Amino acid sequence: MRAAAVLNRLLGFKGTVVDDVDFTGTEMIVRVRLRAAYLVCPCGKRSQARYDSSRRRWRHVDFGRWRVLIEAEIRRVDCAGCGRVRSEWMPWARPAARHTRDFEDMAAWLVKRMSKSAVAHLLGTTWETVDALVARLVNEHLDTPRLDGIYRIGVDEIAYRKGRKFLTVVADHDTGRVVFVGEGRCQHVFGEFFEALGAAGRARIEAVSMDMTPIYRKATIKHVPHAAICLDPFHVIKWAGEALDLAYQTSREQDVKISVDGLTHAATLQKVRGALRQPAEKHDPLRAAIIEQLRRRHPRLYRAWRLKEDLRLLYQLPADQAAEHLRRWINRARRSTIAAFVTLARRLRRHRDGILNAIHLQLSNSLVEGINAGIRLIQRRAHGYADLDNLIEMIHLCHGGISTELPTPTP
Ligand SMILES: [Zn+2]
């Protein structure tokens, strides 16, 4: 096999022939040309209307110890399709890119998994180059019509700059992807997303899941009044846990008359707190015995615990029993005379529809919470983002459904 033929195989660029190769210092310059006589505009239209031409180099993935540069003549096409003069489409690179598709794909794959400075070092480039590459990939992605076909979304806030500032993140429940990242957490920011959807897109929105902050609820009611607001089950359960904590604190720990053989009073109290917090189905015999003592000696605290457990049951019952269960629970809590649960009953009655919507549509906000965990990881990897635009780009790259495949197939 001739050297040029070997290189052709190594590069694997479609419709391309290698003319010759030069080695200078640490660089290997591979001169290639397109086989076809016609030009292809990035819009997809073929053309013969060559406007002018120039030579350009693209950085490719290294071969062994060599930096590889692809050099070719690139022509500008006077395109009848889009009516513009544009650089022709090249099979090995994305439009306007200065790196080959393989190089970019490898960089994007790596940057999802390690810090940008490590990626830059490994690929023998600068982190500014890696940044610019990510920005271009993300902008290309954001330009595609990706907001069509969104029906059920989740919204949440994420802290950055050590918790001093916030972003609003919107994800699509059906694809699991981030579809919007906005700066700040207010009605207006979430409103920007609804405006980007357009009237037809807004009409398609069926459900919005969220935690209990009124900011996103207000924006939802304003922009998509027909959509079902789904309040996150996790937060409802958390409220019940907090109410139980309050009830326990006001019952004055020192008066708790629970005894466990072989444990000091302080150690016993710790067990009591643990037994109250833990879901009943996870209780070991000791904790179950503590609850039994509570039932006999501290009926009020026991009732508070039962209320917490019964509220958890709301999410385990068949959906058609949920409304009745919640109605009864609210009545019981209101009559319980335990202040924390009376307050909680009032709160749940106010949020009744949102709680039941989440059950009927089986939507929680765990998708967005999971994405938030991923975003915290991105921030840690970058030692906290100094530049907000970079952080937003990384969120889209890692969670926006931009596919990043390595150039070589992995088993
Ligand atoms: Zn065109």
# chains A, B, ... in the order shown; residues from 1 in each chain; ligands from 1

call {"tool": "residues_near_ligand", "arguments": {"ligand": "ligand 1", "cutoff": "9 Å", "atoms": "only C-alpha atoms and all ligand atoms", "output": "PyMOL selection string"}}
result
chain A and resi 40-47+77-86+88

call {"tool": "residues_around", "arguments": {"residues": "A:Leu147", "least_positions_apart": "2", "cutoff": "8 Å", "atoms": "only C-alpha atoms", "output": "PyMOL selection string"}}
result
chain A and resi 145+149-150+179+197+201

call {"tool": "residues_around", "arguments": {"residues": "A:Ala37", "least_positions_apart": "6", "cutoff": "12 Å", "atoms": "only C-alpha atoms", "output": "list in words"}}
result
Gly15, Thr16, Arg46, Ser47, Gln48, Ala49, Arg50 and Arg75 of chain A

call {"tool": "write_last_selection", "arguments": {"atoms": "N, CA, C and O atoms", "output": "tab-separated table (two decimals), in the first residue's frame"}}
result
chain	number	residue	atom	x	y	z
A	15	GLY	N	-15.12	10.92	0.68
A	15	GLY	CA	-14.98	11.72	-0.55
A	15	GLY	C	-13.72	12.55	-0.60
A	15	GLY	O	-13.70	13.62	-1.21
A	16	THR	N	-12.67	12.08	0.07
A	16	THR	CA	-11.45	12.87	0.19
A	16	THR	C	-10.23	12.04	-0.24
A	16	THR	O	-10.18	10.85	0.03
A	46	ARG	N	-26.19	21.48	-3.41
A	46	ARG	CA	-25.03	21.36	-4.29
A	46	ARG	C	-24.97	22.55	-5.23
A	46	ARG	O	-26.00	23.11	-5.59
A	47	SER	N	-23.76	22.90	-5.63
A	47	SER	CA	-23.64	24.07	-6.49
A	47	SER	C	-22.36	23.99	-7.31
A	47	SER	O	-21.41	23.29	-6.96
A	48	GLN	N	-22.34	24.70	-8.46
A	48	GLN	CA	-21.12	24.83	-9.25
A	48	GLN	C	-20.57	26.24	-9.09
A	48	GLN	O	-19.51	26.56	-9.61
A	49	ALA	N	-21.34	27.10	-8.39
A	49	ALA	CA	-21.02	28.53	-8.35
A	49	ALA	C	-19.92	28.82	-7.33
A	49	ALA	O	-20.18	29.24	-6.21
A	50	ARG	N	-18.68	28.59	-7.76
A	50	ARG	CA	-17.54	28.85	-6.90
A	50	ARG	C	-17.30	30.35	-6.84
A	50	ARG	O	-17.23	31.02	-7.87
A	75	ARG	N	-13.34	26.30	-0.75
A	75	ARG	CA	-13.91	27.29	-1.67
A	75	ARG	C	-15.13	27.93	-1.04
A	75	ARG	O	-15.78	27.33	-0.18

call {"tool": "atom_distance", "arguments": {"atom1": "atom CA of A:Ala345", "atom2": "atom CA of A:Ile330"}}
result
4.9 Å

call {"tool": "residues_around", "arguments": {"residues": "A:Gly124", "least_positions_apart": "6", "cutoff": "12 Å", "atoms": "only C-alpha atoms", "output": "ChimeraX atom specification"}}
result
/A:26-27,59-62,65-68,103,107,116-118,130
